[in-house]
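Q: So that we are looking at the same thing, I have put the structure below in structure tokens.
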Amino acid sequence: MNYISTRGTAPKLSFDDVLLAGLARDGGLYLPETWPTLSPETIRSFASMAFADIAVEVIDPFTKASIPRADLARMTHDAYSAFGDPAITPLVNLKAGTSILELFHGPTLAFKDVAMQLLARLMDHVLEKRGQRATIVGATSGDTGGAAIEAFRSSKRADIVILFPDGRVSDVQRRMMTTPTEGHVHAVAIDGTFDDCQALVKAMFNDHAFRDRVQLSGVNSINWARIVAQVTYYFAAAAKFGAPDKAVSFAVPTGNFGDIFAGFVAKRMGLPVERLIIASNENDILPRTVATGVYEMRGVVPTSSPSMDIQISSNFERYLFEASGRNATAVRDMMTNLARDKRFELGPIWDVLKSDFAAVAASEGDVADCILRTKNQHGYLLDPHTACAVVAAEHSQASGETIILATAHPAKFPDAIVAITSEHPKLPARLANLMTDPERFDTLPNDLTAVERFVESRCRGATKAIA
Ligand SMILES: *Cc1c(COP(=O)(O)O)cnc(C)c1O
């Protein structure tokens, strides 16, 4: 299984290389050359299998040319051993026809742990095999950073630098990044927005000399390995509701389009899905795109669901490649227009988009109302991201079961929850010291040179440039 770039001019790579490369050298994102499919019997068998074993079945077709199945199995079991629930991603019935898929039982209480815990192990495995080191650089709107730092704390071969927008992540999110004490872990507050942080990371990847010098690798959702690790829970949850003999729907809190793209991949791999519902907050670029056929950037509005306060959904490029019949030239044109005009028209792809996805934007009022109603009527406390998905599911009637992806624990966003419900959500006991442990982080301007200098001075993988 080889991987190709959505922009068509980067070399084909193996899984190992894609894992370490993140972004393709032509600026595109990697996708497998073909989609493997799982047989109906295999999908049916997931109903009674452990999560880590389902992960092996789902991921192995993508990695088998690079990673022996027994090694993959060891890594999936190891990755999910620190989760706070034996089901890893338990399903909770909310009301008739609607269930919550709790993806927040990992070490940082966010769904990103599911992918990140495995990604860090895959990376160490590949680096070990090659006798290499790596420098991981990532941008976070809140949850990615903590999940990445937590996953790489025990890494023997990778240093990690996470850029976060100063003052725009919650205290809990910041502390998850700034309290780990390992010397190879660096949290950096950037004077800017998440999009600025993401632009800095992209610029570092596009600086090929720098990229080679520090052996740069990425863990943002542009990394294919993260997407593939998220496909597991779509299969695991749907099987519990009778897949492949019944089709379910998924409502997915969406920012960078990584999580919902994993649902699209599950569909490509043979999972029957009735509807894939994109749930956004007031940053509604995707619902606007589905409604109008025009992808148009606007300013970022801060909301109670900060991990979705995004106006560029990077992984949408992967979908555009698929929806256009894998037409890299069309993707390149759309991305050129986006860079130049901050917008592009989908043209004939619009109809394909409308047939693949429903999309709903939840206002801050909708979110508050939903959290309060759900607490009062069902005794269940939603976090604001998950609430966007409940609102979206209510607006798009599906006939079968609708599975709401719960992407964060409410205790990660206590200010919003207290304001809405007057109830202070409790952190699980295993995080008792988080709010009092000392913090350690650096602050840098929104400036590429300053950030590159910082990375090079701190990371053990950096080789000095030869004059
Ligand atoms: C990252 C995140 C999202 C958005 O996920 P994408 O893969 O970027 O679409 C939604 N909710 C929470 C809590 C997150 O941390």
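We label chains A, B, ... in the order they appear in the structure tokens, count residues from 1 in each chain, and number ligands from 1 in the order shown.
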Might you pull out every residue within 9 Å of Phe210 of chain A, with only C-alpha atoms counted and same-chain residues fewer than 5 positions away left off, and present them as a ChimeraX atom specification?

A: /A:204-205,215-216,452,456,465

Q: Filtering to C-alpha atoms, could you give me those residues as a compact mmCIF listing (two decimals), in the first residue's frame?

A:
```
# COMPACT_ATOMS: atom_id res chain seq x y z
CA MET A 204 8.23 25.26 8.90
CA PHE A 205 7.28 22.23 6.84
CA GLN A 215 14.04 16.00 11.11
CA LEU A 216 10.64 17.62 11.34
CA GLU A 452 12.46 28.15 13.96
CA GLU A 456 16.52 24.37 16.58
CA ALA A 465 23.75 23.33 9.38
```

Q: Env of segment 395-405 of chain A: 6 Å cut, atoms = only C-alpha atoms, seq-sep filter 4 positions within chain, self excluded. Answer as a CSV table (one decimal) with N, CA and C atoms, in the first residue's frame.

A:
```
chain,number,residue,atom,x,y,z
A,97,GLY,N,-33.2,6.5,19.8
A,97,GLY,CA,-32.6,6.8,18.5
A,97,GLY,C,-31.4,7.6,18.5
A,98,THR,N,-30.9,8.0,19.7
A,98,THR,CA,-29.7,8.8,19.8
A,98,THR,C,-28.8,8.2,20.9
A,99,SER,N,-27.6,8.0,20.5
A,99,SER,CA,-26.6,7.5,21.5
A,99,SER,C,-25.3,8.4,21.5
A,100,ILE,N,-24.7,8.5,22.6
A,100,ILE,CA,-23.4,9.3,22.7
A,100,ILE,C,-22.2,8.3,22.7
A,101,LEU,N,-21.3,8.5,21.8
A,101,LEU,CA,-20.1,7.8,21.7
A,101,LEU,C,-19.0,8.6,22.5
A,248,VAL,N,-26.2,3.3,10.4
A,248,VAL,CA,-26.3,4.3,11.4
A,248,VAL,C,-25.9,5.7,10.8
A,249,SER,N,-26.2,6.7,11.6
A,249,SER,CA,-25.7,8.1,11.2
A,249,SER,C,-24.8,8.5,12.3
A,250,PHE,N,-23.9,9.4,11.9
A,250,PHE,CA,-23.0,10.0,12.9
A,250,PHE,C,-23.0,11.5,12.8
A,251,ALA,N,-23.1,12.2,14.0
A,251,ALA,CA,-23.0,13.6,14.1
A,251,ALA,C,-21.7,13.9,14.7
A,252,VAL,N,-20.9,14.7,14.0
A,252,VAL,CA,-19.5,14.9,14.4
A,252,VAL,C,-19.1,16.4,14.6
```

Q: Find the residues near Ala120 of chain A: any atom within 8 Å, counting only C-alpha atoms, skip ones fewer than 6 places away on the same chain, and give them as a ChimeraX atom specification.

A: /A:148,151-152,155

Q: I need the residues from that last selection saved to file as a PDB file, in the first residue's frame (with all heavy atoms), if you can.

A:
```pdb
ATOM      1  N   ALA A 148      -1.059  15.408  22.326  1.00  0.00           N
ATOM      2  CA  ALA A 148       0.228  15.088  21.704  1.00  0.00           C
ATOM      3  C   ALA A 148       1.327  15.027  22.757  1.00  0.00           C
ATOM      4  O   ALA A 148       2.136  14.091  22.783  1.00  0.00           O
ATOM      5  CB  ALA A 148       0.561  16.134  20.639  1.00  0.00           C
ATOM      6  N   ALA A 151       1.005  11.973  24.803  1.00  0.00           N
ATOM      7  CA  ALA A 151       1.380  10.759  24.061  1.00  0.00           C
ATOM      8  C   ALA A 151       2.892  10.637  23.886  1.00  0.00           C
ATOM      9  O   ALA A 151       3.424   9.538  23.888  1.00  0.00           O
ATOM     10  CB  ALA A 151       0.679  10.750  22.698  1.00  0.00           C
ATOM     11  N   PHE A 152       3.579  11.781  23.739  1.00  0.00           N
ATOM     12  CA  PHE A 152       5.026  11.740  23.462  1.00  0.00           C
ATOM     13  C   PHE A 152       5.893  11.884  24.706  1.00  0.00           C
ATOM     14  O   PHE A 152       7.112  11.891  24.602  1.00  0.00           O
ATOM     15  CB  PHE A 152       5.403  12.801  22.418  1.00  0.00           C
ATOM     16  CG  PHE A 152       5.099  12.358  21.012  1.00  0.00           C
ATOM     17  CD1 PHE A 152       3.874  12.639  20.434  1.00  0.00           C
ATOM     18  CD2 PHE A 152       6.026  11.627  20.281  1.00  0.00           C
ATOM     19  CE1 PHE A 152       3.576  12.213  19.144  1.00  0.00           C
ATOM     20  CE2 PHE A 152       5.743  11.196  18.997  1.00  0.00           C
ATOM     21  CZ  PHE A 152       4.516  11.490  18.423  1.00  0.00           C
ATOM     22  N   SER A 155       8.204   9.150  24.832  1.00  0.00           N
ATOM     23  CA  SER A 155       8.914   8.841  23.588  1.00  0.00           C
ATOM     24  C   SER A 155      10.416   8.839  23.826  1.00  0.00           C
ATOM     25  O   SER A 155      10.969   9.713  24.481  1.00  0.00           O
ATOM     26  CB  SER A 155       8.567   9.872  22.515  1.00  0.00           C
ATOM     27  OG  SER A 155       9.398   9.665  21.388  1.00  0.00           O
TER      28      SER A 155
END
```

Q: Just asking: which residues within segment 177-424 of chain A are strand (DSSP E) according to DSSP, as an mmCIF file with all heavy atoms, in the first residue's frame?

A:
```cif
data_model
loop_
_atom_site.group_PDB
_atom_site.id
_atom_site.type_symbol
_atom_site.label_atom_id
_atom_site.label_comp_id
_atom_site.auth_asym_id
_atom_site.auth_seq_id
_atom_site.Cartn_x
_atom_site.Cartn_y
_atom_site.Cartn_z
ATOM 1 N N VAL A 185 9.825 17.988 26.022
ATOM 2 C CA VAL A 185 8.456 18.426 25.772
ATOM 3 C C VAL A 185 8.392 19.952 25.913
ATOM 4 O O VAL A 185 8.800 20.483 26.940
ATOM 5 C CB VAL A 185 7.539 17.733 26.810
ATOM 6 C CG1 VAL A 185 6.254 18.475 26.989
ATOM 7 C CG2 VAL A 185 7.311 16.277 26.434
ATOM 8 N N HIS A 186 7.929 20.669 24.886
ATOM 9 C CA HIS A 186 7.932 22.136 24.920
ATOM 10 C C HIS A 186 6.577 22.694 24.492
ATOM 11 O O HIS A 186 6.141 22.476 23.361
ATOM 12 C CB HIS A 186 8.998 22.700 23.980
ATOM 13 C CG HIS A 186 10.356 22.129 24.211
ATOM 14 N ND1 HIS A 186 11.192 22.562 25.214
ATOM 15 C CD2 HIS A 186 11.012 21.122 23.584
ATOM 16 C CE1 HIS A 186 12.314 21.874 25.186
ATOM 17 N NE2 HIS A 186 12.237 20.982 24.211
ATOM 18 N N ALA A 187 5.926 23.437 25.397
ATOM 19 C CA ALA A 187 4.700 24.161 25.048
ATOM 20 C C ALA A 187 5.077 25.614 24.800
ATOM 21 O O ALA A 187 5.813 26.207 25.586
ATOM 22 C CB ALA A 187 3.694 24.055 26.189
ATOM 23 N N VAL A 188 4.588 26.196 23.680
ATOM 24 C CA VAL A 188 4.944 27.571 23.310
ATOM 25 C C VAL A 188 3.677 28.374 23.041
ATOM 26 O O VAL A 188 2.895 28.026 22.145
ATOM 27 C CB VAL A 188 5.849 27.583 22.053
ATOM 28 C CG1 VAL A 188 6.188 29.011 21.657
ATOM 29 C CG2 VAL A 188 7.115 26.783 22.291
ATOM 30 N N ALA A 189 3.505 29.461 23.807
ATOM 31 C CA ALA A 189 2.374 30.363 23.583
ATOM 32 C C ALA A 189 2.747 31.336 22.471
ATOM 33 O O ALA A 189 3.777 32.003 22.535
ATOM 34 C CB ALA A 189 2.057 31.128 24.872
ATOM 35 N N ILE A 190 1.931 31.394 21.424
ATOM 36 C CA ILE A 190 2.172 32.303 20.299
ATOM 37 C C ILE A 190 1.204 33.480 20.406
ATOM 38 O O ILE A 190 0.011 33.291 20.682
ATOM 39 C CB ILE A 190 1.965 31.574 18.952
ATOM 40 C CG1 ILE A 190 2.992 30.450 18.777
ATOM 41 C CG2 ILE A 190 1.991 32.547 17.774
ATOM 42 C CD1 ILE A 190 4.413 30.911 18.551
ATOM 43 N N LEU A 216 11.979 17.193 10.939
ATOM 44 C CA LEU A 216 10.644 17.620 11.345
ATOM 45 C C LEU A 216 9.575 16.574 11.038
ATOM 46 O O LEU A 216 9.570 15.972 9.968
ATOM 47 C CB LEU A 216 10.322 18.911 10.581
ATOM 48 C CG LEU A 216 9.334 19.874 11.191
ATOM 49 C CD1 LEU A 216 9.836 20.353 12.545
ATOM 50 C CD2 LEU A 216 9.125 21.070 10.260
ATOM 51 N N SER A 217 8.678 16.389 12.008
ATOM 52 C CA SER A 217 7.515 15.525 11.797
ATOM 53 C C SER A 217 6.299 16.217 12.389
ATOM 54 O O SER A 217 6.437 17.049 13.277
ATOM 55 C CB SER A 217 7.697 14.186 12.504
ATOM 56 O OG SER A 217 8.219 13.248 11.628
ATOM 57 N N GLY A 218 5.118 15.827 11.916
ATOM 58 C CA GLY A 218 3.901 16.489 12.393
ATOM 59 C C GLY A 218 2.944 15.514 13.046
ATOM 60 O O GLY A 218 2.970 14.324 12.767
ATOM 61 N N VAL A 248 -26.166 3.279 10.351
ATOM 62 C CA VAL A 248 -26.338 4.297 11.389
ATOM 63 C C VAL A 248 -25.937 5.651 10.820
ATOM 64 O O VAL A 248 -25.384 5.740 9.722
ATOM 65 C CB VAL A 248 -25.467 3.993 12.635
ATOM 66 C CG1 VAL A 248 -25.907 2.694 13.298
ATOM 67 C CG2 VAL A 248 -23.999 3.944 12.261
ATOM 68 N N SER A 249 -26.212 6.719 11.581
ATOM 69 C CA SER A 249 -25.737 8.059 11.219
ATOM 70 C C SER A 249 -24.779 8.534 12.300
ATOM 71 O O SER A 249 -24.867 8.096 13.453
ATOM 72 C CB SER A 249 -26.902 9.037 11.106
ATOM 73 O OG SER A 249 -27.762 8.649 10.060
ATOM 74 N N PHE A 250 -23.892 9.428 11.923
ATOM 75 C CA PHE A 250 -22.952 9.999 12.884
ATOM 76 C C PHE A 250 -23.044 11.520 12.829
ATOM 77 O O PHE A 250 -23.050 12.098 11.737
ATOM 78 C CB PHE A 250 -21.507 9.603 12.551
ATOM 79 C CG PHE A 250 -21.218 8.133 12.709
ATOM 80 C CD1 PHE A 250 -21.273 7.282 11.625
ATOM 81 C CD2 PHE A 250 -20.883 7.609 13.959
ATOM 82 C CE1 PHE A 250 -20.999 5.924 11.762
ATOM 83 C CE2 PHE A 250 -20.602 6.255 14.110
ATOM 84 C CZ PHE A 250 -20.664 5.404 13.005
ATOM 85 N N ALA A 251 -23.113 12.160 13.989
ATOM 86 C CA ALA A 251 -23.006 13.617 14.065
ATOM 87 C C ALA A 251 -21.672 13.935 14.722
ATOM 88 O O ALA A 251 -21.393 13.451 15.828
ATOM 89 C CB ALA A 251 -24.158 14.209 14.861
ATOM 90 N N VAL A 252 -20.853 14.747 14.035
ATOM 91 C CA VAL A 252 -19.454 14.885 14.424
ATOM 92 C C VAL A 252 -19.074 16.351 14.622
ATOM 93 O O VAL A 252 -19.126 17.144 13.667
ATOM 94 C CB VAL A 252 -18.539 14.271 13.331
ATOM 95 C CG1 VAL A 252 -17.095 14.266 13.790
ATOM 96 C CG2 VAL A 252 -18.996 12.854 12.972
ATOM 97 N N PRO A 253 -18.685 16.742 15.845
ATOM 98 C CA PRO A 253 -18.185 18.103 16.063
ATOM 99 C C PRO A 253 -16.942 18.304 15.208
ATOM 100 O O PRO A 253 -15.985 17.539 15.312
ATOM 101 C CB PRO A 253 -17.815 18.121 17.557
ATOM 102 C CG PRO A 253 -18.527 16.952 18.160
ATOM 103 C CD PRO A 253 -18.631 15.926 17.079
ATOM 104 N N VAL A 273 -23.298 3.780 6.122
ATOM 105 C CA VAL A 273 -23.591 4.964 6.932
ATOM 106 C C VAL A 273 -24.750 5.695 6.278
ATOM 107 O O VAL A 273 -24.707 5.986 5.080
ATOM 108 C CB VAL A 273 -22.360 5.909 7.020
ATOM 109 C CG1 VAL A 273 -22.701 7.165 7.800
ATOM 110 C CG2 VAL A 273 -21.172 5.191 7.656
ATOM 111 N N GLU A 274 -25.802 5.962 7.046
ATOM 112 C CA GLU A 274 -26.946 6.676 6.474
ATOM 113 C C GLU A 274 -26.597 8.144 6.251
ATOM 114 O O GLU A 274 -26.701 8.655 5.151
ATOM 115 C CB GLU A 274 -28.166 6.538 7.400
ATOM 116 C CG GLU A 274 -29.434 7.126 6.778
ATOM 117 C CD GLU A 274 -30.604 7.199 7.756
ATOM 118 O OE1 GLU A 274 -30.604 6.464 8.767
ATOM 119 O OE2 GLU A 274 -31.511 8.019 7.517
ATOM 120 N N ARG A 275 -26.164 8.822 7.309
ATOM 121 C CA ARG A 275 -25.787 10.231 7.149
ATOM 122 C C ARG A 275 -24.531 10.537 7.945
ATOM 123 O O ARG A 275 -24.361 10.052 9.067
ATOM 124 C CB ARG A 275 -26.873 11.181 7.673
ATOM 125 C CG ARG A 275 -28.270 10.800 7.361
ATOM 126 C CD ARG A 275 -29.190 11.995 7.537
ATOM 127 N NE ARG A 275 -29.028 12.904 6.399
ATOM 128 C CZ ARG A 275 -29.771 13.991 6.212
ATOM 129 N NH1 ARG A 275 -30.669 14.331 7.098
ATOM 130 N NH2 ARG A 275 -29.593 14.749 5.156
ATOM 131 N N LEU A 276 -23.684 11.355 7.361
ATOM 132 C CA LEU A 276 -22.544 11.920 8.088
ATOM 133 C C LEU A 276 -22.876 13.390 8.280
ATOM 134 O O LEU A 276 -23.022 14.131 7.297
ATOM 135 C CB LEU A 276 -21.257 11.780 7.275
ATOM 136 C CG LEU A 276 -20.513 10.447 7.352
ATOM 137 C CD1 LEU A 276 -19.350 10.441 6.352
ATOM 138 C CD2 LEU A 276 -19.987 10.187 8.765
ATOM 139 N N ILE A 277 -23.028 13.781 9.532
ATOM 140 C CA ILE A 277 -23.489 15.137 9.817
ATOM 141 C C ILE A 277 -22.329 15.967 10.363
ATOM 142 O O ILE A 277 -21.780 15.667 11.429
ATOM 143 C CB ILE A 277 -24.650 15.115 10.838
ATOM 144 C CG1 ILE A 277 -25.781 14.195 10.328
ATOM 145 C CG2 ILE A 277 -25.163 16.528 11.112
ATOM 146 C CD1 ILE A 277 -26.753 13.763 11.414
ATOM 147 N N ILE A 278 -21.972 16.993 9.620
ATOM 148 C CA ILE A 278 -20.941 17.932 10.064
ATOM 149 C C ILE A 278 -21.581 18.879 11.067
ATOM 150 O O ILE A 278 -22.566 19.557 10.739
ATOM 151 C CB ILE A 278 -20.417 18.767 8.872
ATOM 152 C CG1 ILE A 278 -19.742 17.869 7.826
ATOM 153 C CG2 ILE A 278 -19.482 19.880 9.350
ATOM 154 C CD1 ILE A 278 -19.479 18.591 6.493
ATOM 155 N N ALA A 279 -21.049 18.932 12.280
ATOM 156 C CA ALA A 279 -21.556 19.872 13.279
ATOM 157 C C ALA A 279 -20.505 20.960 13.485
ATOM 158 O O ALA A 279 -19.360 20.660 13.819
ATOM 159 C CB ALA A 279 -21.840 19.150 14.592
ATOM 160 N N SER A 280 -20.907 22.205 13.284
ATOM 161 C CA SER A 280 -20.001 23.339 13.499
ATOM 162 C C SER A 280 -20.577 24.241 14.575
ATOM 163 O O SER A 280 -21.766 24.148 14.894
ATOM 164 C CB SER A 280 -19.835 24.170 12.218
ATOM 165 O OG SER A 280 -19.238 23.404 11.207
ATOM 166 N N VAL A 294 -19.749 27.366 -2.193
ATOM 167 C CA VAL A 294 -18.574 28.247 -2.173
ATOM 168 C C VAL A 294 -17.871 28.090 -0.829
ATOM 169 O O VAL A 294 -18.509 28.213 0.228
ATOM 170 C CB VAL A 294 -18.968 29.729 -2.372
ATOM 171 C CG1 VAL A 294 -17.723 30.616 -2.369
ATOM 172 C CG2 VAL A 294 -19.751 29.900 -3.654
ATOM 173 N N TYR A 295 -16.582 27.793 -0.876
ATOM 174 C CA TYR A 295 -15.779 27.681 0.342
ATOM 175 C C TYR A 295 -15.120 29.039 0.548
ATOM 176 O O TYR A 295 -14.292 29.463 -0.264
ATOM 177 C CB TYR A 295 -14.736 26.581 0.150
ATOM 178 C CG TYR A 295 -13.886 26.237 1.360
ATOM 179 C CD1 TYR A 295 -14.246 25.187 2.200
ATOM 180 C CD2 TYR A 295 -12.700 26.920 1.627
ATOM 181 C CE1 TYR A 295 -13.446 24.841 3.288
ATOM 182 C CE2 TYR A 295 -11.906 26.588 2.712
ATOM 183 C CZ TYR A 295 -12.281 25.534 3.534
ATOM 184 O OH TYR A 295 -11.493 25.186 4.602
ATOM 185 N N GLU A 296 -15.533 29.737 1.591
ATOM 186 C CA GLU A 296 -15.096 31.122 1.749
ATOM 187 C C GLU A 296 -14.671 31.393 3.181
ATOM 188 O O GLU A 296 -15.462 31.251 4.111
ATOM 189 C CB GLU A 296 -16.246 32.063 1.356
ATOM 190 C CG GLU A 296 -15.855 33.522 1.358
ATOM 191 C CD GLU A 296 -16.959 34.397 0.768
ATOM 192 O OE1 GLU A 296 -18.153 34.086 0.992
ATOM 193 O OE2 GLU A 296 -16.624 35.375 0.096
ATOM 194 N N ARG A 343 -11.185 32.227 -1.079
ATOM 195 C CA ARG A 343 -12.408 31.492 -1.428
ATOM 196 C C ARG A 343 -12.180 30.685 -2.687
ATOM 197 O O ARG A 343 -11.260 30.964 -3.452
ATOM 198 C CB ARG A 343 -13.581 32.451 -1.628
ATOM 199 C CG ARG A 343 -13.513 33.204 -2.942
ATOM 200 C CD ARG A 343 -14.429 34.401 -2.986
ATOM 201 N NE ARG A 343 -15.839 34.075 -3.058
ATOM 202 C CZ ARG A 343 -16.503 33.762 -4.160
ATOM 203 N NH1 ARG A 343 -15.879 33.681 -5.319
ATOM 204 N NH2 ARG A 343 -17.795 33.528 -4.134
ATOM 205 N N PHE A 344 -13.003 29.666 -2.878
ATOM 206 C CA PHE A 344 -13.060 28.993 -4.176
ATOM 207 C C PHE A 344 -14.445 28.384 -4.345
ATOM 208 O O PHE A 344 -15.169 28.180 -3.366
ATOM 209 C CB PHE A 344 -11.966 27.913 -4.319
ATOM 210 C CG PHE A 344 -12.066 26.771 -3.339
ATOM 211 C CD1 PHE A 344 -12.894 25.679 -3.574
ATOM 212 C CD2 PHE A 344 -11.306 26.792 -2.166
ATOM 213 C CE1 PHE A 344 -12.972 24.639 -2.670
ATOM 214 C CE2 PHE A 344 -11.383 25.749 -1.255
ATOM 215 C CZ PHE A 344 -12.218 24.662 -1.501
ATOM 216 N N GLU A 345 -14.809 28.128 -5.614
ATOM 217 C CA GLU A 345 -16.111 27.529 -5.894
ATOM 218 C C GLU A 345 -15.942 26.040 -6.120
ATOM 219 O O GLU A 345 -14.987 25.614 -6.751
ATOM 220 C CB GLU A 345 -16.722 28.216 -7.110
ATOM 221 C CG GLU A 345 -17.024 29.667 -6.787
ATOM 222 C CD GLU A 345 -17.800 30.400 -7.868
ATOM 223 O OE1 GLU A 345 -18.216 29.752 -8.850
ATOM 224 O OE2 GLU A 345 -17.987 31.620 -7.699
ATOM 225 N N PHE A 357 -22.637 14.619 2.803
ATOM 226 C CA PHE A 357 -22.711 15.216 4.138
ATOM 227 C C PHE A 357 -23.930 16.114 4.309
ATOM 228 O O PHE A 357 -24.324 16.809 3.383
ATOM 229 C CB PHE A 357 -21.472 16.102 4.408
ATOM 230 C CG PHE A 357 -20.173 15.365 4.407
ATOM 231 C CD1 PHE A 357 -19.373 15.343 3.275
ATOM 232 C CD2 PHE A 357 -19.743 14.683 5.548
ATOM 233 C CE1 PHE A 357 -18.161 14.655 3.267
ATOM 234 C CE2 PHE A 357 -18.543 13.995 5.551
ATOM 235 C CZ PHE A 357 -17.748 13.981 4.406
ATOM 236 N N ALA A 358 -24.475 16.097 5.537
ATOM 237 C CA ALA A 358 -25.351 17.170 5.982
ATOM 238 C C ALA A 358 -24.473 18.063 6.867
ATOM 239 O O ALA A 358 -23.453 17.601 7.385
ATOM 240 C CB ALA A 358 -26.512 16.604 6.784
ATOM 241 N N ALA A 359 -24.839 19.323 7.036
ATOM 242 C CA ALA A 359 -24.018 20.202 7.860
ATOM 243 C C ALA A 359 -24.888 21.219 8.570
ATOM 244 O O ALA A 359 -25.791 21.799 7.958
ATOM 245 C CB ALA A 359 -22.977 20.924 7.004
ATOM 246 N N VAL A 360 -24.639 21.402 9.858
ATOM 247 C CA VAL A 360 -25.431 22.329 10.670
ATOM 248 C C VAL A 360 -24.480 23.152 11.540
ATOM 249 O O VAL A 360 -23.557 22.601 12.141
ATOM 250 C CB VAL A 360 -26.424 21.564 11.578
ATOM 251 C CG1 VAL A 360 -27.195 22.520 12.478
ATOM 252 C CG2 VAL A 360 -27.380 20.707 10.751
ATOM 253 N N ALA A 361 -24.723 24.461 11.615
ATOM 254 C CA ALA A 361 -23.958 25.329 12.519
ATOM 255 C C ALA A 361 -24.816 25.628 13.739
ATOM 256 O O ALA A 361 -25.952 26.067 13.605
ATOM 257 C CB ALA A 361 -23.574 26.628 11.810
ATOM 258 N N THR A 402 -28.776 7.492 15.519
ATOM 259 C CA THR A 402 -27.772 8.536 15.310
ATOM 260 C C THR A 402 -26.772 8.497 16.460
ATOM 261 O O THR A 402 -27.164 8.524 17.633
ATOM 262 C CB THR A 402 -28.413 9.936 15.230
ATOM 263 O OG1 THR A 402 -29.301 9.968 14.121
ATOM 264 C CG2 THR A 402 -27.347 11.013 15.038
ATOM 265 N N ILE A 403 -25.503 8.394 16.101
ATOM 266 C CA ILE A 403 -24.444 8.331 17.091
ATOM 267 C C ILE A 403 -23.755 9.695 17.150
ATOM 268 O O ILE A 403 -23.245 10.192 16.143
ATOM 269 C CB ILE A 403 -23.440 7.214 16.738
ATOM 270 C CG1 ILE A 403 -24.173 5.859 16.762
ATOM 271 C CG2 ILE A 403 -22.250 7.223 17.694
ATOM 272 C CD1 ILE A 403 -23.360 4.703 16.237
ATOM 273 N N ILE A 404 -23.796 10.293 18.348
ATOM 274 C CA ILE A 404 -23.175 11.599 18.561
ATOM 275 C C ILE A 404 -21.741 11.355 19.025
ATOM 276 O O ILE A 404 -21.526 10.674 20.034
ATOM 277 C CB ILE A 404 -23.900 12.362 19.696
ATOM 278 C CG1 ILE A 404 -25.416 12.410 19.482
ATOM 279 C CG2 ILE A 404 -23.266 13.738 19.926
ATOM 280 C CD1 ILE A 404 -25.894 13.336 18.446
ATOM 281 N N LEU A 405 -20.775 11.894 18.334
ATOM 282 C CA LEU A 405 -19.396 11.745 18.805
ATOM 283 C C LEU A 405 -19.128 12.777 19.901
ATOM 284 O O LEU A 405 -19.182 13.988 19.651
ATOM 285 C CB LEU A 405 -18.399 11.901 17.645
ATOM 286 C CG LEU A 405 -18.081 10.586 16.902
ATOM 287 C CD1 LEU A 405 -19.327 9.954 16.307
ATOM 288 C CD2 LEU A 405 -17.024 10.789 15.846
ATOM 289 N N ALA A 406 -18.899 12.294 21.119
ATOM 290 C CA ALA A 406 -18.600 13.181 22.252
ATOM 291 C C ALA A 406 -17.093 13.358 22.294
ATOM 292 O O ALA A 406 -16.361 12.445 22.677
ATOM 293 C CB ALA A 406 -19.125 12.591 23.549
#
```

Q: Find the residue from A:Phe15, A:Tyr233, A:Tyr30, A:Trp35 that sits nearest to Val56 of chain A; use only C-alpha atoms when measuring.

A: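 Ranking A:Phe15, A:Tyr233, A:Tyr30, A:Trp35 by distance to Val56 of chain A, first place goes to A:Tyr233.
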